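J.: Sharing target.txt (compact mmCIF, C-alpha atoms) below.
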```txt
# COMPACT_ATOMS: atom_id res chain seq x y z
CA MET A 158 11.19 2.41 -25.49
CA LYS A 159 9.42 1.59 -22.23
CA ILE A 160 5.64 1.92 -22.49
CA THR A 161 5.63 4.38 -19.58
CA GLU A 162 7.97 6.63 -21.58
CA GLN A 163 6.18 6.45 -24.93
CA PRO A 164 4.84 9.65 -26.53
CA SER A 165 1.38 10.77 -25.50
CA GLU A 166 -1.51 10.12 -27.84
CA TYR A 167 -2.75 13.64 -27.18
CA HIS A 168 -1.24 16.73 -28.82
CA ASN A 169 -1.44 20.49 -28.37
CA LEU A 170 -2.76 20.12 -24.84
CA GLU A 171 -1.95 23.74 -24.07
CA ARG A 172 -4.44 24.81 -26.73
CA ARG A 173 -7.33 22.73 -25.42
CA SER A 174 -10.05 23.93 -23.08
CA ILE A 175 -10.04 23.01 -19.43
CA GLY A 176 -13.07 20.82 -20.01
CA ASP A 177 -11.34 18.93 -22.82
CA ILE A 178 -8.23 18.34 -20.73
CA LEU A 179 -10.28 17.05 -17.81
CA ARG A 180 -12.22 14.68 -20.08
CA ILE A 181 -9.00 13.36 -21.63
CA ILE A 182 -7.47 12.64 -18.24
CA ASN A 183 -10.68 11.05 -17.00
CA ASP A 184 -10.96 8.87 -20.13
CA GLU A 185 -7.40 7.61 -19.63
CA ASP A 186 -7.90 7.08 -15.90
CA SER A 187 -10.94 4.94 -16.61
CA LEU A 188 -8.66 2.41 -18.33
CA VAL A 189 -6.63 1.76 -15.17
CA PRO A 190 -9.07 -0.55 -13.30
CA LYS A 191 -9.36 -2.70 -16.43
CA ARG A 192 -5.60 -3.12 -16.60
CA VAL A 193 -5.51 -3.91 -12.89
CA ARG A 194 -8.15 -6.60 -13.40
CA GLU A 195 -5.98 -8.20 -16.07
CA ALA A 196 -3.24 -8.58 -13.44
CA LEU A 197 -5.47 -10.12 -10.74
CA SER A 198 -3.77 -13.51 -10.81
CA GLN A 199 -0.39 -11.85 -10.24
CA ILE A 200 -1.83 -9.67 -7.49
CA GLU A 201 -3.29 -12.75 -5.80
CA ARG A 202 0.08 -14.49 -5.71
CA LEU A 203 1.78 -11.47 -4.18
CA THR A 204 -1.04 -11.10 -1.64
CA LYS A 205 -0.66 -14.72 -0.54
CA ALA A 206 3.07 -14.17 -0.01
CA TYR A 207 2.31 -10.97 1.93
CA ILE A 208 -0.07 -12.83 4.26
CA LYS A 209 2.31 -15.77 4.67
CA HIS A 210 5.16 -13.57 5.85
CA LEU A 211 3.03 -11.61 8.32
CA GLU A 212 1.50 -14.81 9.72
CA SER A 213 4.97 -16.24 10.33
CA GLY A 214 6.19 -13.13 12.15
CA GLY A 215 7.98 -11.50 9.24
CA ARG A 216 7.70 -7.96 7.92
CA ILE A 217 6.76 -6.33 4.65
CA PHE A 218 9.07 -3.78 3.04
CA TYR A 219 7.88 -1.47 0.27
CA ILE A 220 10.79 0.21 -1.49
CA GLY A 221 10.71 2.76 -4.29
CA THR A 222 11.51 6.26 -5.49
CA GLY A 223 9.47 9.35 -6.30
CA THR A 224 5.73 8.74 -6.62
CA SER A 225 6.20 4.99 -6.27
CA GLY A 226 8.15 5.40 -3.06
CA ARG A 227 5.63 7.86 -1.65
CA LEU A 228 2.77 5.48 -2.34
CA GLY A 229 4.56 2.70 -0.50
CA VAL A 230 5.25 4.91 2.51
CA LEU A 231 1.61 6.06 2.47
CA ASP A 232 0.21 2.53 2.44
CA ALA A 233 2.51 1.42 5.25
CA ALA A 234 1.61 4.45 7.37
CA GLU A 235 -2.14 4.06 6.89
CA LEU A 236 -2.19 0.43 8.01
CA ILE A 237 -1.22 1.41 11.56
CA PRO A 238 -4.31 3.50 12.47
CA THR A 239 -6.71 1.70 10.15
CA PHE A 240 -6.01 -1.86 11.26
CA GLY A 241 -4.10 -1.38 14.49
CA ILE A 242 -0.96 -3.18 13.38
CA PRO A 243 2.20 -2.27 15.30
CA GLU A 244 4.60 0.22 13.80
CA GLY A 245 7.46 -1.54 12.02
CA VAL A 246 5.47 -4.49 10.67
CA VAL A 247 4.91 -2.92 7.25
CA ILE A 248 7.69 -0.48 6.37
CA GLY A 249 7.89 1.98 3.49
CA ILE A 250 11.32 3.05 2.23
CA ILE A 251 11.78 5.89 -0.26
CA ALA A 252 15.01 6.97 -1.92
CA GLY A 253 16.21 10.17 -0.29
CA GLY A 254 14.47 9.47 3.01
CA ASP A 255 11.71 11.52 4.63
CA GLU A 256 12.80 14.68 2.81
CA ALA A 257 11.84 13.00 -0.47
CA LEU A 258 8.25 12.70 0.70
CA ARG A 259 7.87 16.46 0.26
CA ARG A 260 10.44 17.46 -2.35
CA PRO A 261 12.66 15.66 -4.88
CA VAL A 262 16.12 14.59 -3.75
CA GLU A 263 18.50 14.87 -6.70
CA TYR A 264 19.84 11.60 -8.11
CA ALA A 265 18.68 9.57 -5.09
CA GLU A 266 17.03 7.04 -7.39
CA ASP A 267 20.21 6.45 -9.39
CA ASP A 268 22.19 4.76 -6.59
CA ALA A 269 21.89 1.01 -7.09
CA GLU A 270 23.37 0.19 -3.67
CA ALA A 271 21.47 2.70 -1.54
CA GLY A 272 18.21 0.74 -1.43
CA TRP A 273 19.88 -2.38 -0.07
CA LEU A 274 21.73 -0.31 2.52
CA GLU A 275 18.41 1.13 3.67
CA LEU A 276 17.00 -2.38 4.05
CA LEU A 277 20.04 -3.39 6.09
CA LYS A 278 19.33 -0.53 8.50
CA HIS A 279 16.12 -2.40 9.35
CA ASN A 280 17.93 -5.74 9.72
CA VAL A 281 16.01 -7.24 6.81
CA SER A 282 16.07 -11.04 6.85
CA ASP A 283 14.72 -14.09 5.08
CA LYS A 284 11.61 -13.88 7.28
CA ASP A 285 10.63 -10.70 5.44
CA LEU A 286 9.10 -9.86 2.04
CA VAL A 287 10.57 -7.03 -0.04
CA ILE A 288 8.26 -5.40 -2.61
CA GLY A 289 9.82 -3.06 -5.15
CA ILE A 290 7.53 -0.38 -6.55
CA SER A 291 8.59 1.25 -9.82
CA ALA A 292 6.47 2.35 -12.77
CA SER A 293 9.36 1.86 -15.19
CA GLY A 294 10.69 -1.29 -13.54
CA THR A 295 14.23 -0.06 -14.19
CA THR A 296 14.96 2.39 -11.35
CA PRO A 297 18.46 1.53 -10.04
CA PHE A 298 17.63 2.22 -6.38
CA THR A 299 14.67 -0.17 -6.46
CA VAL A 300 16.05 -2.82 -8.79
CA GLY A 301 19.32 -2.93 -6.89
CA ALA A 302 17.55 -3.43 -3.56
CA VAL A 303 15.38 -6.24 -4.88
CA GLU A 304 18.31 -7.94 -6.63
CA ARG A 305 20.38 -7.88 -3.44
CA ALA A 306 17.41 -9.21 -1.48
CA VAL A 307 17.24 -12.19 -3.82
CA GLN A 308 20.97 -12.77 -3.44
CA ASN A 309 20.47 -12.92 0.31
CA GLY A 310 17.63 -15.44 0.20
CA ILE A 311 14.82 -12.94 0.80
CA GLU A 312 11.49 -13.38 -0.96
CA THR A 313 10.57 -10.53 -3.31
CA GLY A 314 7.71 -9.03 -5.25
CA CYS A 315 7.13 -5.91 -7.32
CA ILE A 316 4.53 -3.59 -8.78
CA THR A 317 5.44 -2.11 -12.15
CA CYS A 318 3.75 -0.75 -15.28
CA ASN A 319 6.04 -2.16 -17.96
CA PRO A 320 6.41 -5.77 -19.08
CA ASN A 321 9.56 -7.87 -18.76
CA THR A 322 11.56 -5.40 -16.69
CA PRO A 323 14.70 -5.94 -14.62
CA LEU A 324 12.60 -5.41 -11.50
CA ALA A 325 10.23 -8.21 -12.48
CA LYS A 326 13.21 -10.43 -13.31
CA TYR A 327 14.38 -10.28 -9.70
CA SER A 328 10.88 -10.62 -8.23
CA LYS A 329 9.39 -13.96 -7.32
CA HIS A 330 5.94 -12.38 -7.39
CA PRO A 331 5.86 -9.67 -10.09
CA VAL A 332 2.75 -7.59 -10.68
CA GLU A 333 2.73 -5.90 -14.08
CA VAL A 334 -0.13 -3.46 -14.71
CA ILE A 335 0.32 -2.13 -18.25
CA VAL A 336 -1.64 1.11 -18.35
CA GLY A 337 -0.11 2.50 -21.56
CA PRO A 338 1.40 5.92 -22.32
CA GLU A 339 0.51 8.81 -20.05
CA VAL A 340 -1.49 11.87 -21.17
CA ILE A 341 1.68 13.85 -20.45
CA ALA A 342 4.46 11.67 -21.78
CA GLY A 343 6.44 10.00 -19.01
CA SER A 344 4.43 11.54 -16.16
CA THR A 345 3.94 8.31 -14.24
CA ARG A 346 2.38 10.09 -11.28
CA MET A 347 -0.78 9.83 -13.40
CA LYS A 348 -2.10 6.45 -14.65
CA ALA A 349 0.87 4.43 -13.42
CA GLY A 350 0.64 6.00 -9.96
CA THR A 351 -3.10 5.36 -9.86
CA ALA A 352 -2.54 1.72 -10.79
CA GLN A 353 0.09 1.28 -8.10
CA LYS A 354 -2.19 2.86 -5.49
CA LEU A 355 -5.05 0.56 -6.47
CA VAL A 356 -2.85 -2.53 -6.27
CA LEU A 357 -1.40 -1.55 -2.90
CA ASN A 358 -4.91 -0.95 -1.54
CA MET A 359 -6.02 -4.35 -2.77
CA ILE A 360 -3.05 -6.27 -1.41
CA SER A 361 -2.80 -4.73 2.04
CA THR A 362 -6.56 -4.55 2.65
CA THR A 363 -7.07 -8.18 1.62
CA ALA A 364 -4.17 -9.20 3.85
CA MET A 365 -5.62 -7.36 6.84
CA ILE A 366 -9.01 -9.01 6.29
CA LYS A 367 -7.47 -12.49 6.16
CA LEU A 368 -5.34 -11.72 9.22
CA GLY A 369 -8.49 -11.07 11.25
CA LYS A 370 -8.34 -7.29 11.43
CA ILE A 371 -11.88 -6.96 10.06
CA LEU A 372 -15.13 -8.35 11.45
CA ASP A 373 -17.86 -8.51 8.83
CA ASN A 374 -16.87 -5.30 7.05
CA ARG A 375 -15.87 -3.20 10.06
CA MET A 376 -12.48 -2.02 11.35
CA ILE A 377 -12.50 -3.43 14.88
CA ASP A 378 -8.79 -2.84 15.51
CA MET A 379 -8.62 0.77 14.32
CA GLN A 380 -6.72 3.13 16.57
CA ILE A 381 -9.00 5.59 18.36
CA VAL A 382 -7.02 8.72 17.58
CA ASN A 383 -9.76 11.31 17.07
CA LYS A 384 -13.38 12.10 17.87
CA LYS A 385 -14.68 10.77 14.55
CA LEU A 386 -13.12 7.35 15.11
CA PHE A 387 -14.23 7.32 18.75
CA ASN A 388 -17.84 7.95 17.71
CA ARG A 389 -17.57 5.33 14.99
CA GLY A 390 -16.34 2.82 17.55
CA VAL A 391 -19.11 3.65 20.03
CA ASN A 392 -21.78 3.31 17.36
CA LEU A 393 -20.38 -0.02 16.27
CA ILE A 394 -20.39 -1.40 19.82
CA VAL A 395 -23.97 -0.24 20.32
CA GLU A 396 -25.06 -1.68 16.96
CA TRP A 397 -23.58 -5.11 17.59
CA THR A 398 -24.40 -5.55 21.27
CA GLY A 399 -27.33 -3.28 22.11
CA VAL A 400 -25.38 -1.88 25.04
CA ASP A 401 -26.27 1.61 26.26
CA PRO A 402 -24.18 4.28 24.43
CA GLN A 403 -22.76 5.58 27.72
CA ILE A 404 -21.55 2.09 28.61
CA ALA A 405 -20.09 1.75 25.12
CA GLU A 406 -18.20 5.02 25.56
CA LYS A 407 -16.76 3.92 28.91
CA LEU A 408 -15.75 0.54 27.52
CA LEU A 409 -14.06 2.03 24.48
CA LEU A 410 -12.15 4.48 26.65
CA SER A 411 -11.02 1.80 29.08
CA GLU A 412 -10.28 -0.98 26.57
CA GLY A 413 -8.83 1.14 23.76
CA SER A 414 -10.35 -0.68 20.80
CA VAL A 415 -13.66 -1.98 19.50
CA ARG A 416 -12.35 -5.54 19.53
CA LYS A 417 -11.34 -5.41 23.19
CA ALA A 418 -14.60 -3.74 24.16
CA LEU A 419 -16.61 -6.48 22.44
CA GLU A 420 -14.49 -9.14 24.11
CA LYS A 421 -15.06 -7.48 27.49
CA ILE A 422 -18.82 -7.47 26.94
CA LYS A 423 -18.80 -11.13 25.94
CA LYS A 424 -16.56 -12.20 28.82
CA ASP A 425 -18.19 -10.25 31.64
CA GLY A 426 -21.79 -10.42 30.47
CA ILE A 427 -22.21 -6.67 30.91
CA ASP A 428 -25.77 -5.51 31.53
CA PHE A 429 -26.91 -4.00 28.23
CA SER A 430 -29.70 -2.06 29.88
CA GLY A 431 -27.30 0.45 31.46
```
Output the structure of this file as structure tokens.

T.:
Amino acid sequence: MKITEQPSEYHNLERRSIGDILRIINDEDSLVPKRVREALSQIERLTKAYIKHLESGGRIFYIGTGTSGRLGVLDAAELIPTFGIPEGVVIGIIAGGDEALRRPVEYAEDDAEAGWLELLKHNVSDKDLVIGISASGTTPFTVGAVERAVQNGIETGCITCNPNTPLAKYSKHPVEVIVGPEVIAGSTRMKAGTAQKLVLNMISTTAMIKLGKILDNRMIDMQIVNKKLFNRGVNLIVEWTGVDPQIAEKLLLSEGSVRKALEKIKKDGIDFSG
């Protein structure tokens, strides 16, 4: 039996107090970062491949079903405003399409050919990296897509929570975070989902740092899409240059990003006194 499907170590949950249930879940969740740390060498290898493909003009594809698929779509979507990467550079694919982001699509994960067909819609090529995300490591939609990618000379990776799975077999860069049985048996939206989210955060954030999207520890390429981010950008420009806040506001509005505003200041020698 797969570890992610093993019986829970906790019984009679319905009879326990709310406080007890919360403590049990919290105790189990606290194990996840330790299991992630044990997989750091695997995560590093996948991160290096991720960076290599983006540096050479390739794309990253996350592909999965259910919670795993949603987490991939989420990570891909968040990279656009956070780091200013163009849409279509990191792509999340979930079985069942956009509808599956909000509600389950029956049997979508059981089609072993559908994942590859979705990749073909994006003209996937050997310049790209395909990362399968599956807690069990056996989901036909995800395994089939990664297997077909390998057959077509495309580099692959995966994030899973079971050892020695079919998904890892077809992945050049497997990441296996073994978090153990869930509090509710088989409910991999819990510890397994948390582990996958942590790993995705680590990989994509590290890649963006190494690709120059961060200066010091600040997001200089973030998209200015709301007042909060606009104010953050203005404050950052003022902090780093000493320019008058009104000048910083005008520069951010005209240039569209913190990076471009800083470059404008450096190039034109703008009078910081206002």

J.: Neighbouring residues of Pro238 of chain A were defined as those with any atom within 9 Å, considering all atoms listed in the file; residues of the same chain fewer than 4 positions away were excluded. Please report them as a list in words.

T.: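 Close residues of Pro238 of chain A: Ala234, Ile242, Asp378, Met379, Gln380, Ile381 and Val382 of chain A.
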
J.: Set the distance at 7 Å and use all atoms listed in the file: which residues neighbour segment 313-323 of chain A once local chain neighbours fewer than 6 positions away are removed? I'd like the list as a list of chain:residue names.

T.: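 In the requested format, the answer is A:Lys159, A:Ile160, A:Thr161, A:Leu203, A:Leu286, A:Val287, A:Ile288, A:Gly289, A:Ile290, A:Ser291, A:Ala292, A:Ser293, A:Gly294, A:Thr295, A:Val300, A:Val303, A:Val307, A:Lys329, A:His330, A:Pro331, A:Val332, A:Glu333, A:Val334, A:Ile335, A:Val336, A:Ala349, A:Gln353.
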
J.: Residues at most 12 Å from Glu412 of chain A, counting only C-alpha atoms, excluding those fewer than 5 positions away in the same chain, as a PyMOL selection string?

T.: chain A and resi 378+380-381+390-391+404-407+417-422

J.: Please, could you write that set of residues out with C-alpha atoms as a PDB file, keeping the file's coordinate frame?

T.:
```pdb
ATOM      1  CA  ASP A 378      -8.790  -2.840  15.510  1.00  0.00           C
ATOM      2  CA  GLN A 380      -6.720   3.130  16.570  1.00  0.00           C
ATOM      3  CA  ILE A 381      -9.000   5.590  18.360  1.00  0.00           C
ATOM      4  CA  GLY A 390     -16.340   2.820  17.550  1.00  0.00           C
ATOM      5  CA  VAL A 391     -19.110   3.650  20.030  1.00  0.00           C
ATOM      6  CA  ILE A 404     -21.550   2.090  28.610  1.00  0.00           C
ATOM      7  CA  ALA A 405     -20.090   1.750  25.120  1.00  0.00           C
ATOM      8  CA  GLU A 406     -18.200   5.020  25.560  1.00  0.00           C
ATOM      9  CA  LYS A 407     -16.760   3.920  28.910  1.00  0.00           C
ATOM     10  CA  LYS A 417     -11.340  -5.410  23.190  1.00  0.00           C
ATOM     11  CA  ALA A 418     -14.600  -3.740  24.160  1.00  0.00           C
ATOM     12  CA  LEU A 419     -16.610  -6.480  22.440  1.00  0.00           C
ATOM     13  CA  GLU A 420     -14.490  -9.140  24.110  1.00  0.00           C
ATOM     14  CA  LYS A 421     -15.060  -7.480  27.490  1.00  0.00           C
ATOM     15  CA  ILE A 422     -18.820  -7.470  26.940  1.00  0.00           C
TER      16      ILE A 422
END
```

J.: Restricting the calculation to all atoms listed in the file: of A:Lys384, A:Gln199, A:His210, A:Ser187, which residue gets closest to Ser328 of chain A?

T.: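 Among the listed residues, the smallest separation from Ser328 of chain A belongs to A:Gln199.
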
J.: Measuring between all atoms listed in the file, which one of A:Leu357, A:Ala252, A:Leu386, A:Val415 shows the shortest distance to Leu236 of chain A?

T.: A:Leu357

J.: Take the point (16.5, 9.3, 2.1) in the file's coordinates, draw a sphere of radius 12 Å around it, and report as a VMD selection string every protein, DNA or RNA residue with an atom inside or on it, counting only C-alpha atoms.

T.: chain A and resid 220 to 223 226 to 227 249 to 266 268 271 to 272 274 to 276 298
